[in-house]
Amino acid sequence: MSETAAEPTPPSSPLTGVAVSPGRASGPVVRVAEGLGEPASTPEPADPEAEAARIEPAAHAVAARLEAQAEAATGEAATILVTTAAMAADPALATQAHQLVTARKIPATRAVYQAAEGFAEALAAAGGYMAERVRDVRDVRDRIVAELLGVAPPGVPELTSPSVLVARDLAPADTAGLDPAKVLALVTEEGGPTSHTAILARALGIPAVVAVRGLLALDAAALAVDGDAGVVEVADPAAPVVTAVAAGPAEWNGVGATSDGHPVKVYGNVGSAADAQAAADAGAEGVGLFRTEFCYLDASSEPSVEEQQKAYTAVLSPFRGKPVIVRTLDAGADKPLAFLSPEAEPNPALGVRGLRVAFERPEVLDRQLAAIAGAAEESGAHVSVMAPMVATAEEAAWFAERVRAAGIARAGVMIEIPAAALSAREILSVVDFVSVGTNDLAQYTFAADRQLGAVAKLNDPWQPGLLRLLKPIGEAAAATGKPAGVCGEAAADPRLALVLAGLGLTSLSMNAPAVRAVGAALATVSLAEARDLATAALAAPDPAAARKTVADALAEKL
C-alpha cells in the first residue's frame, strides 16, 4: 500500500472561545506568521558605536510607516496606530538599546529585544489595562528588529482574496490595519475579551473569536466562525465563501435612553487627551472612567500638583459642561509606580493596591484630589471622583470624606471586588454613586487572571455568575435613588448593554468605537423588554446560552 500525506482530520466537535465581535462567516484560512524569535547575543559588533547608531534610524523608519498607516485610517484604528508609532519613536527605548550595545557589546537586534522586553515586563507587572499594552511593545520590538535585519516585519500578510485570519494573537497595529473587505473573520488562540484586538474587531465589523485553545494545532484549510456564539468549526475549502453582513453606521440621536424614555447614560472610557477627544467625537454623553494612572507611567517621582492639573485638564476639556468621572490612582505592588516604592508581595493582585495605597500614603491622594479639583474648575467639566479597589462601606466613607474636603462635590467608588457588590446598598449609603469594573470583578469572582488566555473563557462578561452579582447592585441603586454604572468592557457589547440596563444599571461606559452602537441598541427596547432580557440571561446555564437566548430575543431588532 502506498503512503500518502494525511489530510487534517476535522475535530469531533467544534472549538470554542470567547465571542468578542458578532457575525458569522466562513472561508479559506490565512495564518498570520509568528514573531521573529529571540535574536542572538553574538557576534560581537566590530564597532559598537556604529552598531548602536543603527537603532534610532530603524525606530524612526518604523514610526514613519505606522504614522502613514494612521493617516489613511479613521477613528479608533487611527488612534491605535498613532499610539504605536509614538511607542516606536520613544527615545527611551532607543536610548536603552543604544546603551546595551555599547556596554555589553551585543548586536543592535539583541539590544532592542532586551530593552523592549524590560518595558514589557514592567507593564505586565502593572496588570489590568496597562498589561494589555504588552502586546503593543512586543509588536514595536519585532518591527524594529525586522527593520535592522532588512526583512519584512511579522504580521498580517497581504490578502489577495477574502480570508479567515488565524493567529496566536494580533498586535493592535495589525488589527487596526485590517481591510474588512478582505478579512472574513478573525480567530486567535490567545487574547481575551478586553484586548485591543477585540475592541478593534467590533469597530471594524469583523466577526471575531479569541482564546480558542487548540486553534493553531488544527491546521485547517478553511474555517466557519460564529462571532455570536464563540464557535469555530472546520469548513469545506471548496464551499463558497460566506461573508458576514456588516451593519452600517449606527443611527443614534445622542441621548442614552430606552425606547420608552428610561435614561441610561452612554459614556466613554478614557486614559489620555486623545482618548477623550475620540469619545467626544463619537458622541459620548460624558466620561464614565478616566484612568489617571496613565499620567504617571513615565514618572520616576511624583508629579507636582501643577503638573497633574495640566495633564488632567487636557483630558477633561473636550467635555466642558458634561459629566466626567475621574478614578484616583490605581496602583500598588501589582501596578508599580516608582515614586510609590511598593514593597514586594506574595500575591500583589490581592495586596496593597488602589485605595489601599491611599490609606498608607494619604498625602499622595490629597495632592491628586487638589489637582483634579483645579482641573475641574479650569476645564468646566462636571467632575466626580471615584476610588478603585474598595471592599467595604467603611472604606468608601473614608474616601468620600477626603473627596469632599478637597472641594469636590460628588464622591463614588468602583465595585470590582465581590464583597463590595454584595454590600452595594451599604456602600451607596455613604457615597453618591458606584461604578462596576466588570473586568476586575470577573477576575476576582472566577479566580481567573484576566491576562491569561488559558482562563479567558471564565472572564467572559456573559458569564451568568457575573451577571447575577450585578443584580443586587442595580437593586441597591433603585432603592437608594443613586446612580450605578458599568465601566468595564461588558458595556461595549450592544446586546449585553441591554441586559445591564435591565439589571438596573443607570449608565454604561466604554471605548469610543462602541458608543454609537450601544446608544442605538438601547433605543430599540423598552425598559420592560430590557428587564426580560436580563431575566433570561440570569437563568442561562453558561455564557453561550446567555448570548443565544438574548440574540434570539433580539433577532428582529439587532
# chains A, B, ... in the order shown; residues from 1 in each chain; ligands from 1
>>> residues_around(residues="Ala282 of chain A", least_positions_apart="3", cutoff="9 Å", atoms="only C-alpha atoms", output="list in words")
Gly75, Gly268, Gln277, Ala278, Ala279, Ala512, Pro513, Ala514, Val515 and Arg516 of chain A
>>> write_last_selection(atoms="all heavy atoms", output="compact mmCIF listing (two decimals), in the first residue's frame")
# COMPACT_ATOMS: atom_id res chain seq x y z
N GLY A 75 -10.92 56.98 13.20
CA GLY A 75 -11.44 56.53 14.48
C GLY A 75 -10.42 55.84 15.37
O GLY A 75 -9.26 56.25 15.46
N GLY A 268 -17.94 57.48 27.78
CA GLY A 268 -16.69 56.95 27.23
C GLY A 268 -15.70 56.61 28.33
O GLY A 268 -15.71 57.22 29.40
N GLN A 277 -10.88 63.02 23.26
CA GLN A 277 -11.37 63.63 22.04
C GLN A 277 -12.11 62.61 21.18
O GLN A 277 -13.14 62.91 20.58
CB GLN A 277 -10.21 64.25 21.25
CG GLN A 277 -10.67 65.12 20.09
CD GLN A 277 -11.56 66.27 20.55
OE1 GLN A 277 -11.17 67.08 21.39
NE2 GLN A 277 -12.79 66.34 20.01
N ALA A 278 -11.57 61.38 21.13
CA ALA A 278 -12.23 60.31 20.36
C ALA A 278 -13.61 60.02 20.93
O ALA A 278 -14.58 59.81 20.18
CB ALA A 278 -11.36 59.06 20.35
N ALA A 279 -13.71 59.97 22.25
CA ALA A 279 -15.00 59.71 22.89
C ALA A 279 -15.99 60.85 22.61
O ALA A 279 -17.16 60.62 22.34
CB ALA A 279 -14.82 59.52 24.39
N ALA A 512 -14.39 54.39 22.75
CA ALA A 512 -15.10 55.23 21.78
C ALA A 512 -15.80 54.48 20.65
O ALA A 512 -16.93 54.83 20.29
CB ALA A 512 -14.12 56.26 21.20
N PRO A 513 -15.18 53.43 20.04
CA PRO A 513 -15.84 52.80 18.88
C PRO A 513 -17.21 52.20 19.19
O PRO A 513 -18.01 52.01 18.27
CB PRO A 513 -14.86 51.70 18.47
CG PRO A 513 -13.54 52.15 18.97
CD PRO A 513 -13.84 52.86 20.25
N ALA A 514 -17.48 51.89 20.44
CA ALA A 514 -18.74 51.22 20.78
C ALA A 514 -19.86 52.18 21.14
O ALA A 514 -21.02 51.76 21.27
CB ALA A 514 -18.51 50.25 21.94
N VAL A 515 -19.55 53.46 21.30
CA VAL A 515 -20.52 54.40 21.85
C VAL A 515 -21.81 54.46 21.04
O VAL A 515 -22.93 54.30 21.57
CB VAL A 515 -19.89 55.81 21.98
CG1 VAL A 515 -20.96 56.87 22.22
CG2 VAL A 515 -18.87 55.82 23.12
N ARG A 516 -21.68 54.70 19.75
CA ARG A 516 -22.89 54.89 18.94
C ARG A 516 -23.73 53.61 18.86
O ARG A 516 -24.97 53.65 18.91
CB ARG A 516 -22.52 55.38 17.54
CG ARG A 516 -21.84 56.74 17.52
CD ARG A 516 -21.81 57.33 16.11
NE ARG A 516 -23.16 57.63 15.65
CZ ARG A 516 -23.83 58.75 15.97
NH1 ARG A 516 -23.27 59.64 16.76
NH2 ARG A 516 -25.05 58.95 15.51
>>> select_by_dssp(residues="segment 233-386 of chain A", states="helix (DSSP H, G or I)", output="number ranges by chain")
A: 273-282, 292-295, 305-319, 338-340, 348-350, 355-360, 362-379
>>> select_by_dssp(residues="segment 205-410 of chain A", states="strand (DSSP E or B)", output="PyMOL selection string")
chain A and resi 208-210+222-226+231-234+242+257+263+265-270+287-291+323-327+332+335+353+382-387+410
>>> residues_around(residues="Leu215 of chain A", least_positions_apart="4", cutoff="8 Å", atoms="only C-alpha atoms", output="PyMOL selection string")
chain A and resi 15+188-189+219
>>> residues_around(residues="Asp493 of chain A", least_positions_apart="2", cutoff="9 Å", atoms="only C-alpha atoms", output="list of chain:residue names")
A:Val20, A:Ser21, A:Arg202, A:Glu489, A:Ala490, A:Ala491, A:Arg495, A:Leu496, A:Ala497, A:Leu498, A:Ala514, A:Ala517, A:Val518
>>> write_last_selection(atoms="N, CA, C and O atoms", output="PDB file, in the first residue's frame")
ATOM      1  N   VAL A  20     -16.129  37.895  20.698  1.00  0.00           N
ATOM      2  CA  VAL A  20     -15.865  39.300  21.005  1.00  0.00           C
ATOM      3  C   VAL A  20     -16.396  40.262  19.944  1.00  0.00           C
ATOM      4  O   VAL A  20     -16.456  41.461  20.181  1.00  0.00           O
ATOM      5  N   SER A  21     -16.773  39.731  18.775  1.00  0.00           N
ATOM      6  CA  SER A  21     -17.341  40.593  17.738  1.00  0.00           C
ATOM      7  C   SER A  21     -18.342  39.764  16.946  1.00  0.00           C
ATOM      8  O   SER A  21     -18.002  38.694  16.443  1.00  0.00           O
ATOM      9  N   ARG A 202     -14.654  44.703  16.735  1.00  0.00           N
ATOM     10  CA  ARG A 202     -16.023  45.223  16.819  1.00  0.00           C
ATOM     11  C   ARG A 202     -16.160  46.522  16.036  1.00  0.00           C
ATOM     12  O   ARG A 202     -17.141  46.740  15.327  1.00  0.00           O
ATOM     13  N   GLU A 489     -15.474  46.410  30.097  1.00  0.00           N
ATOM     14  CA  GLU A 489     -15.683  46.160  28.672  1.00  0.00           C
ATOM     15  C   GLU A 489     -17.039  45.528  28.383  1.00  0.00           C
ATOM     16  O   GLU A 489     -17.514  45.558  27.248  1.00  0.00           O
ATOM     17  N   ALA A 490     -17.703  44.974  29.396  1.00  0.00           N
ATOM     18  CA  ALA A 490     -19.035  44.403  29.192  1.00  0.00           C
ATOM     19  C   ALA A 490     -19.987  45.415  28.585  1.00  0.00           C
ATOM     20  O   ALA A 490     -20.872  45.070  27.794  1.00  0.00           O
ATOM     21  N   ALA A 491     -19.831  46.680  28.930  1.00  0.00           N
ATOM     22  CA  ALA A 491     -20.751  47.715  28.464  1.00  0.00           C
ATOM     23  C   ALA A 491     -20.620  47.984  26.970  1.00  0.00           C
ATOM     24  O   ALA A 491     -21.502  48.618  26.377  1.00  0.00           O
ATOM     25  N   ARG A 495     -25.720  44.068  22.813  1.00  0.00           N
ATOM     26  CA  ARG A 495     -26.727  43.169  23.373  1.00  0.00           C
ATOM     27  C   ARG A 495     -26.588  43.058  24.884  1.00  0.00           C
ATOM     28  O   ARG A 495     -27.575  43.078  25.612  1.00  0.00           O
ATOM     29  N   LEU A 496     -25.352  42.932  25.347  1.00  0.00           N
ATOM     30  CA  LEU A 496     -25.131  42.839  26.785  1.00  0.00           C
ATOM     31  C   LEU A 496     -25.495  44.157  27.468  1.00  0.00           C
ATOM     32  O   LEU A 496     -25.940  44.175  28.616  1.00  0.00           O
ATOM     33  N   ALA A 497     -25.312  45.268  26.761  1.00  0.00           N
ATOM     34  CA  ALA A 497     -25.695  46.569  27.319  1.00  0.00           C
ATOM     35  C   ALA A 497     -27.174  46.595  27.676  1.00  0.00           C
ATOM     36  O   ALA A 497     -27.577  47.168  28.691  1.00  0.00           O
ATOM     37  N   LEU A 498     -27.991  45.926  26.863  1.00  0.00           N
ATOM     38  CA  LEU A 498     -29.428  45.884  27.153  1.00  0.00           C
ATOM     39  C   LEU A 498     -29.711  45.060  28.408  1.00  0.00           C
ATOM     40  O   LEU A 498     -30.588  45.402  29.202  1.00  0.00           O
ATOM     41  N   ALA A 514     -17.483  51.889  20.442  1.00  0.00           N
ATOM     42  CA  ALA A 514     -18.741  51.217  20.779  1.00  0.00           C
ATOM     43  C   ALA A 514     -19.863  52.184  21.139  1.00  0.00           C
ATOM     44  O   ALA A 514     -21.016  51.764  21.265  1.00  0.00           O
ATOM     45  N   ALA A 517     -23.055  52.465  18.715  1.00  0.00           N
ATOM     46  CA  ALA A 517     -23.776  51.197  18.598  1.00  0.00           C
ATOM     47  C   ALA A 517     -24.562  50.896  19.868  1.00  0.00           C
ATOM     48  O   ALA A 517     -25.709  50.421  19.808  1.00  0.00           O
ATOM     49  N   VAL A 518     -23.969  51.162  21.024  1.00  0.00           N
ATOM     50  CA  VAL A 518     -24.671  50.914  22.283  1.00  0.00           C
ATOM     51  C   VAL A 518     -25.827  51.890  22.452  1.00  0.00           C
ATOM     52  O   VAL A 518     -26.944  51.502  22.847  1.00  0.00           O
TER      53      VAL A 518
END
>>> closest_residue(among="A:Val364, A:Ala376, A:Val352, A:Leu223", to="Val324 of chain A", atoms="only C-alpha atoms")
A:Ala376
>>> closest_residue(among="A:Gly35, A:Pro57, A:Pro48, A:Gly453", to="Asp139 of chain A", atoms="only C-alpha atoms")
A:Gly35
>>> residues_around(residues="Ser26 of chain A", least_positions_apart="4", cutoff="6 Å", atoms="only C-alpha atoms", output="JSON, numbers by chain")
{"A": [223, 224, 225, 241, 242]}
>>> atom_distance(atom1="atom CA of Glu56 of chain A", atom2="atom CA of Glu38 of chain A")
19.9 Å
>>> residues_around(residues="Gly481 of chain A", least_positions_apart="6", cutoff="12 Å", atoms="only C-alpha atoms", output="list of chain:residue names")
A:Arg425, A:Leu428, A:Ser429, A:Val431, A:Asp432, A:Phe433, A:Val434, A:Ile473, A:Gly474, A:Glu475, A:Gly504, A:Leu505, A:Thr506
>>> write_last_selection(atoms="N, CA, C and O atoms", output="PDB file, in the first residue's frame")
ATOM      1  N   ARG A 425     -25.676  48.253  48.777  1.00  0.00           N
ATOM      2  CA  ARG A 425     -26.623  49.170  49.410  1.00  0.00           C
ATOM      3  C   ARG A 425     -25.946  49.953  50.537  1.00  0.00           C
ATOM      4  O   ARG A 425     -26.142  51.172  50.666  1.00  0.00           O
ATOM      5  N   LEU A 428     -23.600  52.517  48.935  1.00  0.00           N
ATOM      6  CA  LEU A 428     -24.327  53.655  48.369  1.00  0.00           C
ATOM      7  C   LEU A 428     -24.911  54.563  49.442  1.00  0.00           C
ATOM      8  O   LEU A 428     -25.281  55.714  49.164  1.00  0.00           O
ATOM      9  N   SER A 429     -24.992  54.084  50.670  1.00  0.00           N
ATOM     10  CA  SER A 429     -25.496  54.951  51.741  1.00  0.00           C
ATOM     11  C   SER A 429     -24.467  56.004  52.149  1.00  0.00           C
ATOM     12  O   SER A 429     -24.830  56.995  52.798  1.00  0.00           O
ATOM     13  N   VAL A 431     -21.799  57.066  49.761  1.00  0.00           N
ATOM     14  CA  VAL A 431     -21.237  57.755  48.589  1.00  0.00           C
ATOM     15  C   VAL A 431     -22.373  58.178  47.669  1.00  0.00           C
ATOM     16  O   VAL A 431     -23.539  57.832  47.883  1.00  0.00           O
ATOM     17  N   ASP A 432     -22.023  58.928  46.623  1.00  0.00           N
ATOM     18  CA  ASP A 432     -23.034  59.461  45.718  1.00  0.00           C
ATOM     19  C   ASP A 432     -23.329  58.557  44.533  1.00  0.00           C
ATOM     20  O   ASP A 432     -24.362  58.709  43.870  1.00  0.00           O
ATOM     21  N   PHE A 433     -22.426  57.630  44.216  1.00  0.00           N
ATOM     22  CA  PHE A 433     -22.631  56.723  43.081  1.00  0.00           C
ATOM     23  C   PHE A 433     -21.620  55.586  43.172  1.00  0.00           C
ATOM     24  O   PHE A 433     -20.629  55.666  43.926  1.00  0.00           O
ATOM     25  N   VAL A 434     -21.855  54.536  42.389  1.00  0.00           N
ATOM     26  CA  VAL A 434     -20.870  53.461  42.240  1.00  0.00           C
ATOM     27  C   VAL A 434     -20.728  53.147  40.751  1.00  0.00           C
ATOM     28  O   VAL A 434     -21.603  53.461  39.943  1.00  0.00           O
ATOM     29  N   ILE A 473     -26.566  45.100  42.726  1.00  0.00           N
ATOM     30  CA  ILE A 473     -26.072  46.470  42.566  1.00  0.00           C
ATOM     31  C   ILE A 473     -27.160  47.336  41.944  1.00  0.00           C
ATOM     32  O   ILE A 473     -27.424  48.458  42.396  1.00  0.00           O
ATOM     33  N   GLY A 474     -27.821  46.802  40.894  1.00  0.00           N
ATOM     34  CA  GLY A 474     -28.932  47.533  40.293  1.00  0.00           C
ATOM     35  C   GLY A 474     -30.070  47.746  41.270  1.00  0.00           C
ATOM     36  O   GLY A 474     -30.685  48.819  41.315  1.00  0.00           O
ATOM     37  N   GLU A 475     -30.337  46.739  42.098  1.00  0.00           N
ATOM     38  CA  GLU A 475     -31.408  46.862  43.094  1.00  0.00           C
ATOM     39  C   GLU A 475     -31.050  47.911  44.150  1.00  0.00           C
ATOM     40  O   GLU A 475     -31.921  48.679  44.589  1.00  0.00           O
ATOM     41  N   GLY A 504     -30.789  47.144  36.004  1.00  0.00           N
ATOM     42  CA  GLY A 504     -30.934  48.358  36.808  1.00  0.00           C
ATOM     43  C   GLY A 504     -29.734  49.274  36.795  1.00  0.00           C
ATOM     44  O   GLY A 504     -29.721  50.274  37.521  1.00  0.00           O
ATOM     45  N   LEU A 505     -28.721  48.981  35.950  1.00  0.00           N
ATOM     46  CA  LEU A 505     -27.569  49.877  35.865  1.00  0.00           C
ATOM     47  C   LEU A 505     -27.989  51.140  35.120  1.00  0.00           C
ATOM     48  O   LEU A 505     -28.722  51.077  34.123  1.00  0.00           O
ATOM     49  N   THR A 506     -27.525  52.283  35.591  1.00  0.00           N
ATOM     50  CA  THR A 506     -28.041  53.558  35.086  1.00  0.00           C
ATOM     51  C   THR A 506     -27.145  54.246  34.074  1.00  0.00           C
ATOM     52  O   THR A 506     -27.541  55.236  33.461  1.00  0.00           O
TER      53      THR A 506
END
>>> closest_residue(among="A:Gly283, A:Gly230, A:Pro207, A:Pro45", to="Asn253 of chain A", atoms="only C-alpha atoms")
A:Gly283
>>> residues_around(residues="Ala544 of chain A", least_positions_apart="2", cutoff="12 Å", atoms="only C-alpha atoms", output="VMD selection string")
chain A and resid 16 to 20 226 to 231 457 to 458 460 to 464 537 540 to 542 546 to 551
>>> atom_distance(atom1="atom CA of Asp90 of chain A", atom2="atom CA of Asp136 of chain A")
12.9 Å
>>> closest_residue(among="A:Ala370, A:Ala115, A:Ala539, A:Ile417", to="Ala391 of chain A", atoms="only C-alpha atoms")
A:Ile417
>>> closest_residue(among="A:Ala381, A:Val403, A:Ala492, A:Val255", to="Asp366 of chain A", atoms="only C-alpha atoms")
A:Val403
>>> closest_residue(among="A:Leu218, A:Ala52, A:Leu81, A:Ala176", to="Ala103 of chain A", atoms="only C-alpha atoms")
A:Ala52
